[in-house]
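Novice: Data file start_19.txt (compact mmCIF, C-alpha atoms) is appended below.
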# COMPACT_ATOMS: atom_id res chain seq x y z
CA MET A 1 77.28 57.43 55.07
CA SER A 2 79.01 58.77 51.98
CA ILE A 3 78.41 62.28 50.69
CA ARG A 4 76.79 60.88 47.55
CA SER A 5 74.43 58.69 49.59
CA HIS A 6 73.62 61.61 51.89
CA LYS A 7 72.75 63.75 48.86
CA LYS A 8 70.44 61.01 47.51
CA TRP A 9 68.58 60.90 50.83
CA LYS A 10 68.15 64.66 50.75
CA ILE A 11 66.75 64.51 47.23
CA LEU A 12 64.41 61.66 48.17
CA PHE A 13 63.11 63.38 51.29
CA GLY A 14 62.87 66.70 49.45
CA ALA A 15 60.76 65.07 46.74
CA LEU A 16 58.54 63.40 49.35
CA TRP A 17 58.13 66.74 51.10
CA VAL A 18 57.06 68.43 47.86
CA ILE A 19 54.56 65.61 47.24
CA LEU A 20 53.22 66.01 50.80
CA LEU A 21 52.84 69.77 50.31
CA ALA A 22 51.11 69.31 46.96
CA GLY A 23 48.77 66.71 48.47
CA CYS A 24 47.87 68.97 51.39
CA LEU A 25 47.25 71.91 49.07
CA LEU A 26 45.14 69.80 46.72
CA ALA A 27 43.12 68.38 49.63
CA TRP A 28 42.47 71.88 50.94
CA PHE A 29 41.36 73.18 47.51
CA GLU A 30 39.13 70.15 46.99
CA SER A 31 37.53 70.52 50.42
CA GLY A 32 36.33 74.04 49.67
CA VAL A 33 36.86 74.98 53.32
CA SER A 34 37.48 78.66 53.92
CA PRO A 35 40.50 79.48 56.12
CA ASN A 36 38.10 81.38 58.39
CA ARG A 37 36.31 78.12 59.24
CA ILE A 38 39.42 76.09 60.08
CA PRO A 39 39.67 77.09 63.79
CA SER A 40 36.04 76.14 64.46
CA LEU A 41 36.46 72.86 62.55
CA LEU A 42 39.58 72.07 64.58
CA GLU A 43 37.67 72.93 67.75
CA ALA A 44 34.86 70.53 66.84
CA TRP A 45 37.31 67.77 65.95
CA LEU A 46 39.64 68.15 68.97
CA SER A 47 36.75 68.50 71.44
CA ARG A 48 35.79 64.88 70.79
CA PHE A 49 38.99 63.57 72.40
CA GLY A 50 38.89 65.06 75.90
CA VAL A 51 41.43 67.55 77.20
CA GLY A 52 44.40 65.20 77.66
CA ARG A 53 44.28 63.48 74.29
CA ALA A 54 43.22 66.68 72.51
CA ALA A 55 46.25 68.48 73.98
CA LEU A 56 48.59 65.74 72.76
CA ILE A 57 47.03 65.75 69.28
CA TYR A 58 47.18 69.56 69.18
CA ILE A 59 50.87 69.62 70.14
CA ILE A 60 51.66 66.98 67.50
CA LEU A 61 49.73 68.98 64.87
CA TYR A 62 51.60 72.14 65.85
CA THR A 63 54.91 70.26 65.74
CA VAL A 64 54.44 69.06 62.15
CA ARG A 65 52.80 72.32 61.05
CA PRO A 66 55.95 73.81 59.45
CA LEU A 67 56.32 70.71 57.27
CA ILE A 68 52.97 71.38 55.60
CA LEU A 69 53.22 75.19 55.89
CA PHE A 70 49.93 75.39 57.79
CA PRO A 71 49.28 78.87 59.21
CA ALA A 72 50.23 79.02 62.89
CA SER A 73 47.58 81.64 63.61
CA LEU A 74 44.75 79.23 62.77
CA LEU A 75 46.07 76.60 65.18
CA THR A 76 46.62 79.23 67.87
CA ILE A 77 43.02 80.44 67.57
CA ALA A 78 41.82 76.83 67.73
CA ALA A 79 43.77 76.32 70.97
CA GLY A 80 41.94 79.20 72.59
CA LEU A 81 38.60 77.80 71.45
CA VAL A 82 39.31 74.25 72.61
CA PHE A 83 41.33 74.74 75.78
CA GLY A 84 40.48 78.27 76.87
CA PRO A 85 42.96 81.12 77.12
CA TRP A 86 45.35 79.77 79.77
CA LEU A 87 45.68 76.15 78.72
CA GLY A 88 45.57 77.31 75.10
CA ILE A 89 48.62 79.49 75.73
CA VAL A 90 50.47 76.64 77.47
CA PHE A 91 49.80 74.10 74.71
CA THR A 92 50.54 76.65 71.99
CA VAL A 93 53.91 77.58 73.52
CA ILE A 94 54.83 73.89 73.74
CA GLY A 95 53.74 73.31 70.14
CA GLU A 96 55.46 76.48 68.89
CA ASN A 97 58.76 75.45 70.45
CA ALA A 98 58.51 71.95 69.02
CA SER A 99 57.62 73.29 65.56
CA ALA A 100 60.51 75.78 65.71
CA ASN A 101 62.87 72.87 66.39
CA VAL A 102 61.41 70.88 63.49
CA ALA A 103 61.78 73.82 61.09
CA PHE A 104 65.30 74.52 62.35
CA GLY A 105 66.29 70.87 61.92
CA VAL A 106 64.82 70.66 58.43
CA GLY A 107 66.47 73.91 57.40
CA ARG A 108 69.81 72.81 58.81
CA TRP A 109 69.63 69.36 57.20
CA PHE A 110 68.51 70.53 53.76
CA GLY A 111 70.17 73.92 53.58
CA ARG A 112 73.55 73.81 55.28
CA ASP A 113 75.47 72.48 52.27
CA PHE A 114 73.60 74.86 49.95
CA VAL A 115 74.49 77.88 52.09
CA ARG A 116 78.11 76.81 52.44
CA SER A 117 78.48 76.35 48.68
CA ARG A 118 77.19 79.87 48.04
CA GLU A 119 78.79 81.70 50.92
CA ASN A 120 79.24 85.39 50.61
CA ALA A 121 80.09 88.10 53.12
CA LEU A 122 76.46 88.71 54.10
CA LEU A 123 75.76 85.03 54.81
CA ARG A 124 78.99 84.63 56.78
CA ARG A 125 78.15 87.71 58.86
CA TRP A 126 74.60 86.43 59.46
CA GLU A 127 75.86 82.97 60.51
CA ARG A 128 78.47 84.53 62.83
CA GLN A 129 75.77 86.73 64.39
CA LEU A 130 73.55 83.69 64.94
CA ARG A 131 76.43 81.80 66.55
CA GLU A 132 77.58 84.62 68.82
CA ASN A 133 74.24 86.25 69.69
CA GLY A 134 71.60 83.74 68.64
CA LEU A 135 68.85 85.05 70.89
CA VAL A 136 69.29 88.67 69.79
CA ALA A 137 69.60 87.72 66.10
CA VAL A 138 66.42 85.63 66.13
CA LEU A 139 64.58 88.28 68.17
CA VAL A 140 65.50 90.97 65.63
CA MET A 141 64.38 88.74 62.74
CA ARG A 142 61.06 88.13 64.49
CA LEU A 143 60.58 91.82 65.31
CA ILE A 144 61.07 92.89 61.69
CA TYR A 145 58.12 90.65 60.91
CA LEU A 146 59.75 87.82 59.06
CA PRO A 147 57.52 84.73 59.08
CA PHE A 148 58.46 82.44 61.99
CA ASP A 149 58.94 79.41 59.76
CA ALA A 150 61.27 81.36 57.44
CA VAL A 151 63.36 82.43 60.44
CA ASN A 152 63.49 78.86 61.77
CA TYR A 153 64.39 77.37 58.38
CA GLY A 154 67.04 80.05 57.89
CA CYS A 155 68.71 79.56 61.24
Show me, as structure tokens, the structure contained in the file I just sent.
Specialist:
Amino acid sequence: MSIRSHKKWKILFGALWVILLAGCLLAWFESGVSPNRIPSLLEAWLSRFGVGRAALIYIILYTVRPLILFPASLLTIAAGLVFGPWLGIVFTVIGENASANVAFGVGRWFGRDFVRSRENALLRRWERQLRENGLVAVLVMRLIYLPFDAVNYGC
């Protein structure tokens, strides 16, 4: 695939992503649902499927969550309500890892060329730190309370 064609695909998918985000935001505003009610609504909806199917649906929802910028905390609370504390933790950890990979992949695909074209000393040092001590670098970024999705997109 040529560089020009690759760039066109990025623009197309970027535009589709913005449309998806706008649609999700509009749907949420139109629904009038308070964020405080979302965990209980998710509980009611997921409970209809039985534990096995509900777990699969929950993990898929958590996996695509960074694409629609849905708050992770609301899904995590819903997991505790639907599956109880222990299974909720298990399914949340699986979903969190999958969503981190999605955000990382999206950030890498969309942002790598952008970062390379605007490289400066700080970005080079940050990328070197991620390459050499990835675990420590990500842990520090998480401990200084950067949003998880921002960390995953940035890596």
Novice: How many Å lie between CA of Arg128 in chain A and CA of Trp17 in chain A, rounded to one decimal?
Specialist: 29.5 Å
Novice: Mind listing whatever residues come within 8 Å of the point (44.6, 69.6, 66.0)? Use all atoms listed in the file, file coordinates, and give them as a list in words.
Specialist: Leu42, Glu43, Trp45, Leu46, Ala54, Ile57, Tyr58, Ile59, Ile60, Leu61, Tyr62, Leu75 and Ala78 of chain A
Novice: Could you give me, as CSV, every range 56-127 of chain A residue with an atom at most 10 Å from range 28-41 of chain A, plus its closest atom pair and distance in Å to one decimal, counting only C-alpha atoms, rows ordered by chain then number?
Specialist:
residue,atom,partner,partner_atom,distance
A:Pro71,CA,A:Pro35,CA,9.3
A:Ser73,CA,A:Pro39,CA,9.1
A:Leu74,CA,A:Pro39,CA,5.6
A:Leu75,CA,A:Pro39,CA,6.6
A:Thr76,CA,A:Pro39,CA,8.3
A:Ile77,CA,A:Pro39,CA,6.1
A:Ala78,CA,A:Pro39,CA,4.5
A:Ala79,CA,A:Pro39,CA,8.3
A:Gly80,CA,A:Pro39,CA,9.3
A:Leu81,CA,A:Ser40,CA,7.6
A:Val82,CA,A:Ser40,CA,9.0
Novice: For CA of Ala22 in chain A and CA of Val102 in chain A, quote the distance in Å rounded to one decimal.
Specialist: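 Value for the CA of Ala22 in chain A-CA of Val102 in chain A distance: 19.5 Å.
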Novice: Rounded to one decimal in Å, what is the spacing between CA of Arg53 in chain A and CA of Phe91 in chain A?
Specialist: 12.0 Å
Novice: From the set A:Phe110, A:Leu26, A:Ala44, A:Ala137, which residue has the shortest atom-to-atom contact distance to Lys8 in chain A, counting all atoms listed in the file?
Specialist: A:Phe110
